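Raw coords_23.txt, compact mmCIF, C-alpha atoms (C1' of nucleotides):
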```txt
# COMPACT_ATOMS: atom_id res chain seq x y z
CA MET A 304 21.06 -4.52 -10.95
CA ASN A 305 17.36 -4.61 -11.88
CA ILE A 306 14.57 -3.13 -9.80
CA SER A 307 13.54 -6.40 -8.13
CA GLN A 308 17.06 -6.92 -6.81
CA ALA A 309 17.16 -3.34 -5.52
CA ALA A 310 13.77 -4.01 -3.93
CA LYS A 311 15.10 -7.06 -2.09
CA LEU A 312 18.18 -5.26 -0.87
CA SER A 313 16.36 -2.13 0.26
CA GLY A 314 13.23 -3.75 1.64
CA LEU A 315 10.97 -1.59 -0.53
CA PRO A 316 8.53 -3.07 -3.09
CA SER A 317 9.41 -2.38 -6.73
CA GLU A 318 6.17 -0.40 -7.16
CA THR A 319 7.19 1.89 -4.32
CA ILE A 320 10.64 2.41 -5.82
CA ARG A 321 9.05 3.45 -9.12
CA TYR A 322 6.67 5.69 -7.22
CA TYR A 323 9.55 7.40 -5.38
CA GLU A 324 11.18 8.09 -8.71
CA LYS A 325 7.94 9.46 -10.11
CA ILE A 326 7.61 11.98 -7.28
CA ASP A 327 11.28 12.97 -7.71
CA LEU A 328 12.42 11.53 -4.41
CA LEU A 329 14.98 9.61 -6.47
CA ILE A 330 16.59 11.32 -9.42
CA ASN A 331 19.10 10.40 -12.12
CA VAL A 332 18.24 6.70 -12.12
CA LYS A 333 20.27 5.00 -14.85
CA ARG A 334 18.73 2.82 -17.55
CA SER A 335 20.14 -0.26 -19.23
CA ALA A 336 20.10 -0.59 -23.02
CA ASN A 337 16.75 -2.38 -22.85
CA GLY A 338 15.17 0.52 -20.94
CA TYR A 339 15.18 -1.25 -17.57
CA ARG A 340 16.13 0.77 -14.51
CA ASP A 341 19.67 -0.01 -13.37
CA TYR A 342 20.67 0.40 -9.71
CA ASP A 343 24.05 0.35 -8.02
CA ALA A 344 25.12 0.15 -4.36
CA LYS A 345 24.70 3.91 -3.85
CA ASP A 346 21.15 3.74 -5.15
CA VAL A 347 20.45 0.87 -2.78
CA ALA A 348 21.82 2.96 0.09
CA LEU A 349 19.38 5.75 -0.80
CA LEU A 350 16.51 3.29 -1.06
CA SER A 351 17.41 1.70 2.26
CA PHE A 352 17.63 5.18 3.73
CA LEU A 353 14.08 5.86 2.59
CA GLN A 354 12.84 2.52 3.84
CA HIS A 355 14.31 3.09 7.29
CA ALA A 356 13.17 6.69 7.51
CA ARG A 357 9.62 5.71 6.51
CA THR A 358 9.42 2.82 8.99
CA THR A 359 10.63 5.13 11.75
CA GLY A 360 7.76 7.48 11.04
CA PHE A 361 9.07 10.19 8.72
CA SER A 362 6.74 11.50 6.02
CA LEU A 363 7.93 11.58 2.41
CA ASP A 364 8.48 15.33 2.71
CA GLU A 365 10.60 14.78 5.79
CA CYS A 366 12.46 12.03 3.92
CA ARG A 367 13.16 14.53 1.17
CA HIS A 368 14.69 16.85 3.75
CA LEU A 369 16.70 14.01 5.33
CA LEU A 370 18.00 12.99 1.91
CA ASP A 371 19.09 16.58 1.30
CA LEU A 372 21.06 16.47 4.54
CA TYR A 373 22.45 13.03 3.65
CA GLY A 374 23.75 14.38 0.35
CA ASP A 375 25.11 17.60 1.80
CA ASP A 376 28.72 17.29 3.02
CA LYS A 377 28.46 20.70 4.66
CA ARG A 378 25.48 19.68 6.80
CA GLN A 379 25.47 20.14 10.57
CA SER A 380 24.56 17.01 12.49
CA VAL A 381 22.51 19.10 14.92
CA HIS A 382 19.96 19.60 12.14
CA VAL A 383 19.58 15.88 11.62
CA LYS A 384 19.35 15.24 15.34
CA GLN A 385 16.71 17.93 15.67
CA MET A 386 14.55 16.23 13.08
CA VAL A 387 14.79 12.98 15.00
CA GLU A 388 13.93 14.72 18.27
CA ASN A 389 10.93 16.41 16.66
CA LYS A 390 9.75 13.09 15.28
CA LEU A 391 10.08 11.58 18.76
CA VAL A 392 7.72 14.22 20.13
CA ASP A 393 5.34 13.51 17.27
CA ILE A 394 5.41 9.74 17.87
CA GLU A 395 4.85 10.28 21.57
CA LYS A 396 1.74 12.31 20.79
CA GLN A 397 0.46 9.53 18.57
CA ILE A 398 1.08 6.99 21.32
CA ALA A 399 -0.78 9.16 23.83
CA SER A 400 -3.71 9.47 21.45
CA LEU A 401 -3.87 5.70 20.93
CA GLN A 402 -3.61 5.10 24.67
CA SER A 403 -6.56 7.39 25.17
CA MET A 404 -8.55 5.41 22.58
CA LYS A 405 -7.48 2.22 24.27
CA SER A 406 -8.74 3.27 27.69
CA THR A 407 -12.02 4.46 26.19
CA LEU A 408 -12.46 1.13 24.43
CA ARG A 409 -11.53 -0.78 27.58
CA ASN A 410 -14.20 1.13 29.54
CA LEU A 411 -16.76 0.51 26.82
CA ALA A 412 -16.05 -3.22 26.70
CA ASP A 413 -16.11 -3.54 30.48
CA GLY A 414 -19.52 -1.84 30.61
CA CYS A 415 -21.11 -4.38 28.28
CA ARG A 416 -22.28 -7.80 29.44
CA GLY A 417 -21.65 -9.25 25.99
CA ASP A 418 -24.47 -11.77 25.95
CA GLU A 419 -27.26 -12.74 23.53
CA THR A 420 -29.58 -9.90 24.59
CA PRO A 421 -29.83 -6.66 22.59
CA HIS A 422 -29.16 -4.31 25.50
CA CYS A 423 -25.72 -2.80 25.03
CA HIS A 424 -24.16 -0.01 27.04
CA ILE A 425 -21.49 0.49 24.36
CA LEU A 426 -24.05 1.60 21.77
CA ASP A 427 -25.78 3.85 24.32
CA VAL A 428 -22.54 5.63 25.13
CA LEU A 429 -21.49 6.00 21.49
CA ALA A 430 -24.81 7.68 20.64
CA GLU A 431 -24.43 10.31 23.38
CA PRO A 432 -24.05 13.90 22.19
CA TYR A 433 -20.64 15.42 21.70
CA SER A 434 -20.27 17.29 25.04
CA ILE A 435 -22.14 18.90 27.92
CA SER A 436 -22.04 22.32 26.31
CA SER A 437 -23.56 20.88 23.15
CA ILE A 438 -26.29 19.15 25.15
CA GLN A 439 -27.26 22.55 26.53
CA LYS A 440 -27.38 24.06 23.06
CA GLU A 441 -29.47 21.09 21.90
CA LYS A 442 -32.40 22.35 24.00
CA THR A 443 -32.62 25.39 21.75
CA GLN A 444 -33.26 23.14 18.70
CA MET B 543 -32.05 22.10 12.48
CA ASN B 544 -29.54 23.03 9.77
CA ILE B 545 -26.31 21.23 9.10
CA SER B 546 -24.10 23.65 11.06
CA GLN B 547 -26.16 23.11 14.21
CA ALA B 548 -25.99 19.34 13.74
CA ALA B 549 -22.26 19.76 13.25
CA LYS B 550 -21.90 21.60 16.54
CA LEU B 551 -23.99 19.05 18.44
CA SER B 552 -22.26 16.01 16.96
CA GLY B 553 -18.72 17.35 16.86
CA LEU B 554 -18.39 16.57 13.15
CA PRO B 555 -17.62 19.26 10.53
CA SER B 556 -20.47 20.00 8.11
CA GLU B 557 -18.33 18.81 5.19
CA THR B 558 -17.87 15.45 6.87
CA ILE B 559 -21.60 15.13 7.51
CA ARG B 560 -22.29 15.74 3.81
CA TYR B 561 -19.59 13.23 2.94
CA TYR B 562 -21.12 10.58 5.22
CA GLU B 563 -24.43 11.07 3.45
CA LYS B 564 -22.77 10.82 0.06
CA ILE B 565 -21.24 7.44 0.90
CA ASP B 566 -24.60 6.22 2.27
CA LEU B 567 -23.45 6.06 5.87
CA LEU B 568 -26.46 8.30 6.60
CA ILE B 569 -29.65 7.70 4.68
CA ASN B 570 -33.09 9.32 4.52
CA VAL B 571 -31.91 12.76 5.54
CA LYS B 572 -34.86 15.15 5.39
CA ARG B 573 -34.85 18.42 3.47
CA SER B 574 -36.52 21.73 4.30
CA ALA B 575 -38.59 23.56 1.68
CA ASN B 576 -35.51 25.55 0.62
CA GLY B 577 -33.54 22.35 -0.06
CA TYR B 578 -31.41 22.59 3.08
CA ARG B 579 -30.74 19.39 5.00
CA ASP B 580 -32.90 19.16 8.13
CA TYR B 581 -31.69 17.19 11.16
CA ASP B 582 -33.51 16.09 14.32
CA ALA B 583 -32.30 14.65 17.64
CA LYS B 584 -32.16 11.11 16.24
CA ASP B 585 -29.97 12.24 13.38
CA VAL B 586 -27.69 13.99 15.86
CA ALA B 587 -27.47 10.75 17.86
CA LEU B 588 -26.34 8.92 14.71
CA LEU B 589 -23.82 11.63 13.91
CA SER B 590 -22.48 11.60 17.47
CA PHE B 591 -22.28 7.84 17.24
CA LEU B 592 -20.12 8.15 14.15
CA GLN B 593 -17.98 10.84 15.71
CA HIS B 594 -17.31 8.72 18.80
CA ALA B 595 -16.72 5.53 16.86
CA ARG B 596 -14.26 7.33 14.56
CA THR B 597 -12.32 8.96 17.41
CA THR B 598 -12.04 5.58 19.13
CA GLY B 599 -10.40 4.13 16.06
CA PHE B 600 -13.13 2.42 14.01
CA SER B 601 -12.93 2.64 10.22
CA LEU B 602 -15.93 3.86 8.24
CA ASP B 603 -16.70 0.26 7.25
CA GLU B 604 -16.63 -0.75 10.90
CA CYS B 605 -18.83 2.25 11.69
CA ARG B 606 -21.29 1.00 9.10
CA HIS B 607 -21.37 -2.34 10.87
CA LEU B 608 -21.76 -0.68 14.28
CA LEU B 609 -24.62 1.45 12.96
CA ASP B 610 -26.32 -1.71 11.68
CA LEU B 611 -26.10 -3.17 15.17
CA TYR B 612 -27.28 0.12 16.69
CA GLY B 613 -30.38 0.04 14.51
CA ASP B 614 -31.12 -3.66 15.01
CA ASP B 615 -33.32 -4.32 18.04
CA LYS B 616 -32.64 -8.05 17.69
CA ARG B 617 -28.88 -7.59 17.99
CA GLN B 618 -26.80 -9.52 20.52
CA SER B 619 -24.58 -7.34 22.66
CA VAL B 620 -21.81 -9.94 22.41
CA HIS B 621 -21.34 -8.93 18.78
CA VAL B 622 -20.84 -5.30 19.70
CA LYS B 623 -18.50 -6.19 22.52
CA GLN B 624 -16.48 -8.42 20.20
CA MET B 625 -15.95 -5.52 17.80
CA VAL B 626 -14.64 -3.40 20.65
CA GLU B 627 -12.34 -6.18 21.84
CA ASN B 628 -11.00 -6.66 18.31
CA LYS B 629 -10.38 -2.95 18.01
CA LEU B 630 -8.52 -3.02 21.32
CA VAL B 631 -6.16 -5.66 19.93
CA ASP B 632 -5.72 -3.55 16.82
CA ILE B 633 -4.95 -0.39 18.81
CA GLU B 634 -2.49 -2.30 20.98
CA LYS B 635 -0.63 -3.41 17.87
CA GLN B 636 -0.47 0.17 16.67
CA ILE B 637 0.89 1.29 20.05
CA ALA B 638 3.52 -1.46 19.97
CA SER B 639 4.55 -0.39 16.48
CA LEU B 640 4.90 3.24 17.55
CA GLN B 641 6.85 2.24 20.66
CA SER B 642 9.25 0.35 18.45
CA MET B 643 9.69 3.43 16.26
CA LYS B 644 10.19 5.51 19.37
CA SER B 645 12.99 3.34 20.72
CA THR B 646 14.68 3.29 17.32
CA LEU B 647 14.51 7.08 17.13
CA ARG B 648 15.77 7.40 20.71
CA ASN B 649 18.77 5.22 19.88
CA LEU B 650 19.45 7.21 16.72
CA ALA B 651 19.28 10.55 18.52
CA ASP B 652 21.50 9.32 21.37
CA GLY B 653 24.11 8.16 18.89
CA CYS B 654 24.46 11.61 17.31
CA ARG B 655 26.54 14.37 18.85
CA GLY B 656 24.27 17.00 17.33
CA ASP B 657 26.89 19.66 16.73
CA GLU B 658 27.95 21.87 13.82
CA THR B 659 30.06 19.17 12.13
CA PRO B 660 28.74 17.08 9.22
CA HIS B 661 29.48 13.69 10.74
CA CYS B 662 26.20 12.08 11.73
CA HIS B 663 25.69 8.54 12.93
CA ILE B 664 21.93 8.83 12.27
CA LEU B 665 22.45 9.21 8.53
CA ASP B 666 24.97 6.35 8.50
CA VAL B 667 22.54 4.00 10.18
CA LEU B 668 19.60 5.01 7.97
CA ALA B 669 21.61 4.25 4.84
CA GLU B 670 22.48 0.72 5.96
CA PRO B 671 21.01 -2.12 3.88
CA TYR B 672 17.74 -3.69 4.82
CA SER B 673 19.08 -6.83 6.59
CA ILE B 674 22.04 -9.19 6.90
CA SER B 675 20.53 -11.64 4.44
CA SER B 676 20.13 -8.90 1.88
CA ILE B 677 23.73 -7.79 2.40
CA GLN B 678 24.84 -11.30 1.50
CA LYS B 679 22.72 -11.30 -1.65
CA GLU B 680 24.19 -7.92 -2.54
CA LYS B 681 27.57 -9.59 -3.17
CA THR B 682 26.01 -11.48 -6.07
CA GLN B 683 25.20 -8.21 -7.81
C1' DC C 972 -31.00 46.64 -1.07
C1' DT C 973 -26.97 45.13 0.00
C1' DT C 974 -23.93 42.64 2.91
C1' DG C 975 -22.56 38.64 5.04
C1' DA C 976 -23.52 34.27 6.73
C1' DC C 977 -25.53 30.47 5.63
C1' DC C 978 -26.70 26.57 2.37
C1' DT C 979 -26.34 23.71 -2.23
C1' DT C 980 -23.77 20.85 -5.84
C1' DG C 981 -19.90 18.92 -8.18
C1' DT C 982 -15.14 18.37 -8.65
C1' DA C 983 -10.24 18.12 -7.44
C1' DG C 984 -6.65 17.41 -4.26
C1' DT C 985 -4.29 15.17 -0.16
C1' DG C 986 -0.69 11.16 1.34
C1' DG C 987 1.44 7.11 0.31
C1' DG C 988 1.07 3.95 -1.99
C1' DT C 989 -1.23 -0.46 -4.55
C1' DC C 990 -3.11 -2.65 -8.52
C1' DT C 991 -4.28 -3.44 -13.24
C1' DA C 992 -3.96 -3.43 -18.20
C1' DA C 993 -1.40 -3.76 -22.14
C1' DG C 994 2.60 -4.37 -23.83
C1' DG C 995 8.10 -5.34 -24.44
C1' DT C 996 12.28 -8.39 -22.86
C1' DT C 997 14.79 -12.11 -21.11
C1' DT C 998 15.64 -16.67 -19.60
C1' DA C 999 14.71 -21.55 -19.02
C1' DT C 1000 13.00 -25.64 -20.97
C1' DG C 1001 11.51 -29.00 -24.56
C1' DC D 1041 13.94 -22.86 -32.50
C1' DA D 1042 9.51 -22.22 -30.14
C1' DT D 1043 7.23 -21.06 -26.30
C1' DA D 1044 6.15 -20.24 -21.60
C1' DA D 1045 7.34 -18.10 -17.36
C1' DA D 1046 9.25 -14.43 -15.21
C1' DC D 1047 10.88 -10.27 -15.64
C1' DC D 1048 10.48 -5.21 -17.09
C1' DT D 1049 7.90 -0.77 -18.98
C1' DT D 1050 4.07 2.92 -18.88
C1' DA D 1051 -0.23 5.20 -17.81
C1' DG D 1052 -3.95 5.40 -15.20
C1' DA D 1053 -7.49 3.90 -11.73
C1' DC D 1054 -8.29 2.88 -7.03
C1' DC D 1055 -7.90 3.01 -1.76
C1' DC D 1056 -9.21 5.84 2.80
C1' DA D 1057 -11.29 9.63 4.93
C1' DC D 1058 -11.70 13.55 4.33
C1' DT D 1059 -10.85 18.76 2.89
C1' DA D 1060 -10.99 22.61 -0.15
C1' DC D 1061 -12.78 25.15 -3.76
C1' DA D 1062 -15.82 27.18 -7.25
C1' DA D 1063 -20.12 28.80 -8.54
C1' DG D 1064 -24.28 29.55 -7.28
C1' DG D 1065 -28.94 29.82 -4.23
C1' DT D 1066 -31.13 31.52 0.38
C1' DC D 1067 -31.86 34.14 4.32
C1' DA D 1068 -31.58 37.59 8.25
C1' DA D 1069 -29.91 42.17 9.76
C1' DG D 1070 -29.34 46.89 9.13
```

As structure tokens, what does this structure read like?
Amino acid sequence: MNISQAAKLSGLPSETIRYYEKIDLLINVKRSANGYRDYDAKDVALLSFLQHARTTGFSLDECRHLLDLYGDDKRQSVHVKQMVENKLVDIEKQIASLQSMKSTLRNLADGCRGDETPHCHILDVLAEPYSISSIQKEKTQ
Amino acid sequence: MNISQAAKLSGLPSETIRYYEKIDLLINVKRSANGYRDYDAKDVALLSFLQHARTTGFSLDECRHLLDLYGDDKRQSVHVKQMVENKLVDIEKQIASLQSMKSTLRNLADGCRGDETPHCHILDVLAEPYSISSIQKEKTQ
DNA sequence: CTTGACCTTGTAGTGGGTCTAAGGTTTATG
DNA sequence: CATAAACCTTAGACCCACTACAAGGTCAAG
């Protein structure tokens, strides 16, 4: 099957599939007589694997590692599970960081009347120095 | 004050401050006789502004827009507030996306025994095709 | 007078693609 | 059989938001 069919089946754009081959995430891709890339069901499984791993938050380097495990029949499932658990911790940190941004933004919005006048508490707060300790150092300017 | 002092006060690395100048996010930066950049309290306010806006999730283009509003004494605070409200929606979408990843990862991890054997449900699930509809198309290969 | 801590510039690299240009191939239609 | 549309190929530029590095200039302390 051609690349666009593999793209449909895997959920990855053709450009991304070519890119993955270029960075050696996919190797030994067959070619038809006309020079077109030729994919089979196993290739689609690998592509789907990458698509799923990427959309669940794994970096391309982590995907490389996961693919190694996928292709290794002597792997230990504990190693795969550990990667997933580590990624969970990572994702939870990202969520916490976004929730912190969210509450900051909520406070900013609530402190602004949002009318046609120029006075805006949001801008005042954003322009405040970095921290108390830095305000103290600022005096020595 | 030199760049490293401005960096300390604003919370931005010196390299980032130079970069912001290069992309015209900061303009009219003064220079001392020796050619060093020379910052005053107003500059530090702008830098702090950028630091805060960035850590609350605004892109550099959005920061540019916010700085325009900051420097416009005829602005309407409703425009600033609207940017913050839009960013809140954006952040909430990002949180939802991460929470979806998190639950997928949790399900994957829970479905894997995590022992020394090679059998691993995580890898099986990751290698599944993209969707039911694509599985049906796959038959036409 | 040298050492080390600053500062300057320009350039290249990062991750993970996305897009474009310039061409070759295949398929459908008239 | 011609031709147009829809594929495919490659190399290379571009995106964001930095970050690192090289090669050099400046400055304060000992």

Need the shell around Asp652 in chain B: protein/DNA/RNA residues with any atom at most 10 Å away, counting only C-alpha atoms (C1' of nucleotides). Skip same-chain ones fewer than 5 positions apart. Format as a compact mmCIF listing (two decimals) with C-alpha atoms, keeping the file's coordinate frame?
```txt
# COMPACT_ATOMS: atom_id res chain seq x y z
CA LYS A 384 19.35 15.24 15.34
CA VAL A 387 14.79 12.98 15.00
CA GLU A 388 13.93 14.72 18.27
CA THR B 646 14.68 3.29 17.32
CA LEU B 647 14.51 7.08 17.13
CA HIS B 663 25.69 8.54 12.93
CA ILE B 664 21.93 8.83 12.27
```

Output, as an mmCIF file with C-alpha atoms, in the coordinates of the input, the coordinates of chain B following least-squares superposition onto chain A across all in-order C-alpha pairs.
```cif
data_model
loop_
_atom_site.group_PDB
_atom_site.id
_atom_site.type_symbol
_atom_site.label_atom_id
_atom_site.label_comp_id
_atom_site.auth_asym_id
_atom_site.auth_seq_id
_atom_site.Cartn_x
_atom_site.Cartn_y
_atom_site.Cartn_z
ATOM 1 C CA MET B 543 21.084 -4.516 -10.958
ATOM 2 C CA ASN B 544 17.393 -4.593 -11.894
ATOM 3 C CA ILE B 545 14.608 -3.119 -9.845
ATOM 4 C CA SER B 546 13.579 -6.394 -8.171
ATOM 5 C CA GLN B 547 17.097 -6.907 -6.824
ATOM 6 C CA ALA B 548 17.187 -3.327 -5.543
ATOM 7 C CA ALA B 549 13.804 -4.001 -3.983
ATOM 8 C CA LYS B 550 15.109 -7.045 -2.146
ATOM 9 C CA LEU B 551 18.215 -5.230 -0.906
ATOM 10 C CA SER B 552 16.368 -2.108 0.220
ATOM 11 C CA GLY B 553 13.238 -3.747 1.583
ATOM 12 C CA LEU B 554 10.996 -1.585 -0.602
ATOM 13 C CA PRO B 555 8.550 -3.061 -3.157
ATOM 14 C CA SER B 556 9.433 -2.376 -6.801
ATOM 15 C CA GLU B 557 6.204 -0.401 -7.236
ATOM 16 C CA THR B 558 7.205 1.900 -4.403
ATOM 17 C CA ILE B 559 10.659 2.423 -5.894
ATOM 18 C CA ARG B 560 9.075 3.458 -9.205
ATOM 19 C CA TYR B 561 6.706 5.725 -7.310
ATOM 20 C CA TYR B 562 9.579 7.404 -5.441
ATOM 21 C CA GLU B 563 11.236 8.113 -8.770
ATOM 22 C CA LYS B 564 8.014 9.491 -10.195
ATOM 23 C CA ILE B 565 7.672 12.008 -7.364
ATOM 24 C CA ASP B 566 11.348 13.002 -7.756
ATOM 25 C CA LEU B 567 12.440 11.539 -4.443
ATOM 26 C CA LEU B 568 15.020 9.613 -6.503
ATOM 27 C CA ILE B 569 16.637 11.354 -9.432
ATOM 28 C CA ASN B 570 19.153 10.406 -12.126
ATOM 29 C CA VAL B 571 18.308 6.725 -12.121
ATOM 30 C CA LYS B 572 20.328 5.012 -14.846
ATOM 31 C CA ARG B 573 18.819 2.828 -17.554
ATOM 32 C CA SER B 574 20.219 -0.283 -19.227
ATOM 33 C CA ALA B 575 20.210 -0.607 -23.020
ATOM 34 C CA ASN B 576 16.836 -2.386 -22.872
ATOM 35 C CA GLY B 577 15.260 0.526 -20.968
ATOM 36 C CA TYR B 578 15.241 -1.243 -17.603
ATOM 37 C CA ARG B 579 16.183 0.789 -14.543
ATOM 38 C CA ASP B 580 19.732 0.016 -13.391
ATOM 39 C CA TYR B 581 20.692 0.414 -9.724
ATOM 40 C CA ASP B 582 24.092 0.372 -8.009
ATOM 41 C CA ALA B 583 25.146 0.172 -4.347
ATOM 42 C CA LYS B 584 24.710 3.924 -3.849
ATOM 43 C CA ASP B 585 21.171 3.769 -5.152
ATOM 44 C CA VAL B 586 20.462 0.881 -2.792
ATOM 45 C CA ALA B 587 21.823 2.976 0.090
ATOM 46 C CA LEU B 588 19.375 5.757 -0.817
ATOM 47 C CA LEU B 589 16.511 3.295 -1.085
ATOM 48 C CA SER B 590 17.408 1.706 2.252
ATOM 49 C CA PHE B 591 17.607 5.175 3.720
ATOM 50 C CA LEU B 592 14.070 5.859 2.565
ATOM 51 C CA GLN B 593 12.839 2.512 3.800
ATOM 52 C CA HIS B 594 14.295 3.092 7.270
ATOM 53 C CA ALA B 595 13.143 6.686 7.487
ATOM 54 C CA ARG B 596 9.608 5.662 6.468
ATOM 55 C CA THR B 597 9.400 2.779 8.954
ATOM 56 C CA THR B 598 10.574 5.105 11.724
ATOM 57 C CA GLY B 599 7.704 7.443 11.006
ATOM 58 C CA PHE B 600 9.016 10.179 8.689
ATOM 59 C CA SER B 601 6.705 11.487 5.969
ATOM 60 C CA LEU B 602 7.895 11.579 2.365
ATOM 61 C CA ASP B 603 8.441 15.339 2.676
ATOM 62 C CA GLU B 604 10.556 14.768 5.766
ATOM 63 C CA CYS B 605 12.408 12.024 3.894
ATOM 64 C CA ARG B 606 13.137 14.527 1.151
ATOM 65 C CA HIS B 607 14.628 16.844 3.739
ATOM 66 C CA LEU B 608 16.637 14.014 5.318
ATOM 67 C CA LEU B 609 17.963 12.998 1.902
ATOM 68 C CA ASP B 610 19.052 16.600 1.305
ATOM 69 C CA LEU B 611 21.013 16.481 4.545
ATOM 70 C CA TYR B 612 22.400 13.044 3.654
ATOM 71 C CA GLY B 613 23.730 14.407 0.376
ATOM 72 C CA ASP B 614 25.098 17.651 1.823
ATOM 73 C CA ASP B 615 28.680 17.313 3.054
ATOM 74 C CA LYS B 616 28.414 20.741 4.690
ATOM 75 C CA ARG B 617 25.443 19.707 6.822
ATOM 76 C CA GLN B 618 25.406 20.156 10.597
ATOM 77 C CA SER B 619 24.500 17.025 12.504
ATOM 78 C CA VAL B 620 22.432 19.114 14.923
ATOM 79 C CA HIS B 621 19.886 19.605 12.150
ATOM 80 C CA VAL B 622 19.517 15.882 11.625
ATOM 81 C CA LYS B 623 19.294 15.239 15.334
ATOM 82 C CA GLN B 624 16.634 17.928 15.686
ATOM 83 C CA MET B 625 14.480 16.205 13.071
ATOM 84 C CA VAL B 626 14.724 12.961 15.008
ATOM 85 C CA GLU B 627 13.869 14.692 18.280
ATOM 86 C CA ASN B 628 10.861 16.377 16.668
ATOM 87 C CA LYS B 629 9.701 13.059 15.295
ATOM 88 C CA LEU B 630 10.038 11.538 18.758
ATOM 89 C CA VAL B 631 7.673 14.178 20.140
ATOM 90 C CA ASP B 632 5.299 13.468 17.280
ATOM 91 C CA ILE B 633 5.369 9.702 17.871
ATOM 92 C CA GLU B 634 4.817 10.228 21.590
ATOM 93 C CA LYS B 635 1.700 12.245 20.828
ATOM 94 C CA GLN B 636 0.431 9.470 18.599
ATOM 95 C CA ILE B 637 1.061 6.910 21.352
ATOM 96 C CA ALA B 638 -0.778 9.084 23.877
ATOM 97 C CA SER B 639 -3.712 9.391 21.493
ATOM 98 C CA LEU B 640 -3.874 5.627 20.993
ATOM 99 C CA GLN B 641 -3.602 5.017 24.739
ATOM 100 C CA SER B 642 -6.556 7.304 25.246
ATOM 101 C CA MET B 643 -8.542 5.345 22.659
ATOM 102 C CA LYS B 644 -7.484 2.138 24.347
ATOM 103 C CA SER B 645 -8.739 3.187 27.768
ATOM 104 C CA THR B 646 -12.017 4.384 26.271
ATOM 105 C CA LEU B 647 -12.479 1.053 24.504
ATOM 106 C CA ARG B 648 -11.550 -0.850 27.670
ATOM 107 C CA ASN B 649 -14.186 1.063 29.628
ATOM 108 C CA LEU B 650 -16.769 0.450 26.915
ATOM 109 C CA ALA B 651 -16.060 -3.278 26.771
ATOM 110 C CA ASP B 652 -16.123 -3.611 30.572
ATOM 111 C CA GLY B 653 -19.496 -1.902 30.705
ATOM 112 C CA CYS B 654 -21.116 -4.432 28.360
ATOM 113 C CA ARG B 655 -22.318 -7.827 29.519
ATOM 114 C CA GLY B 656 -21.652 -9.293 26.086
ATOM 115 C CA ASP B 657 -24.480 -11.803 26.039
ATOM 116 C CA GLU B 658 -27.263 -12.766 23.630
ATOM 117 C CA THR B 659 -29.583 -9.918 24.679
ATOM 118 C CA PRO B 660 -29.857 -6.675 22.681
ATOM 119 C CA HIS B 661 -29.171 -4.320 25.567
ATOM 120 C CA CYS B 662 -25.721 -2.830 25.103
ATOM 121 C CA HIS B 663 -24.171 -0.044 27.120
ATOM 122 C CA ILE B 664 -21.499 0.456 24.424
ATOM 123 C CA LEU B 665 -24.066 1.556 21.854
ATOM 124 C CA ASP B 666 -25.773 3.824 24.398
ATOM 125 C CA VAL B 667 -22.537 5.592 25.208
ATOM 126 C CA LEU B 668 -21.497 5.960 21.557
ATOM 127 C CA ALA B 669 -24.794 7.648 20.722
ATOM 128 C CA GLU B 670 -24.419 10.275 23.448
ATOM 129 C CA PRO B 671 -24.008 13.880 22.271
ATOM 130 C CA TYR B 672 -20.600 15.353 21.760
ATOM 131 C CA SER B 673 -20.298 17.302 25.061
ATOM 132 C CA ILE B 674 -22.241 18.922 27.895
ATOM 133 C CA SER B 675 -22.060 22.333 26.263
ATOM 134 C CA SER B 676 -23.521 20.941 23.077
ATOM 135 C CA ILE B 677 -26.323 19.251 25.015
ATOM 136 C CA GLN B 678 -27.277 22.646 26.405
ATOM 137 C CA LYS B 679 -27.302 24.199 22.941
ATOM 138 C CA GLU B 680 -29.445 21.306 21.749
ATOM 139 C CA LYS B 681 -32.346 22.626 23.858
ATOM 140 C CA THR B 682 -32.444 25.715 21.653
ATOM 141 C CA GLN B 683 -33.180 23.567 18.617
#
```

| query | In Å, how far is it from CA of His382 in chain A to CA of Asn649 in chain B? | reply |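 One can read the CA of His382 in chain A to CA of Asn649 in chain B distance as 16.4 Å.
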
| query | Quick one: which residues from chain D are at most 10 Å off chain B, using only C-alpha atoms (C1' of nucleotides), as a list of chain:residue names? | reply |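 Listing them in order of chain and number gives D:DC1056, D:DA1057, D:DC1058, D:DT1059, D:DA1060, D:DG1065, D:DT1066.
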
Quick one: which chain C residues come within 9 Å of chain A, and what is the nearest atom pair for each with the distance in Å to one decimal, counting all atoms listed in the file, rows ordered by chain and ascending number, as a Markdown table?
```
| residue | atom | partner | partner_atom | distance |
| --- | --- | --- | --- | --- |
| C:DG986 | C1' | A:Leu363 | CA | 8.7 |
| C:DG987 | C1' | A:Leu363 | CA | 8.2 |
| C:DG988 | C1' | A:Thr319 | CA | 6.9 |
| C:DT989 | C1' | A:Glu318 | CA | 7.8 |
| C:DT996 | C1' | A:Asn337 | CA | 7.5 |
```

Can you spit out the residues from that selection as a CSV table (one decimal), keeping the file's coordinate frame, using C-alpha atoms (C1' of nucleotides)?
```csv
chain,number,residue,atom,x,y,z
C,986,DG,C1',-0.7,11.2,1.3
C,987,DG,C1',1.4,7.1,0.3
C,988,DG,C1',1.1,4.0,-2.0
C,989,DT,C1',-1.2,-0.5,-4.6
C,996,DT,C1',12.3,-8.4,-22.9
```

| message | Just the number, please: distance in Å from CA of Leu650 in chain B to CA of Gln385 in chain A, one decimal. | response |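 Rounded to one decimal, the two atoms are 11.1 Å apart.
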
| message | Quick one: residues within 7 Å of range 345-360 of chain A, all atoms listed in the file, excluding same-chain residues fewer than 5 positions away - as number ranges by chain? | response | A: 309, 312-315, 366; B: 643, 647, 668-672

| task | Counting only C-alpha atoms, figure out which residue out of B:Lys635, B:Lys550, B:Lys572, B:His607 gets nearest to chain A. | result |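 When distances to chain A are compared using only C-alpha atoms, the smallest one comes from B:Lys550.
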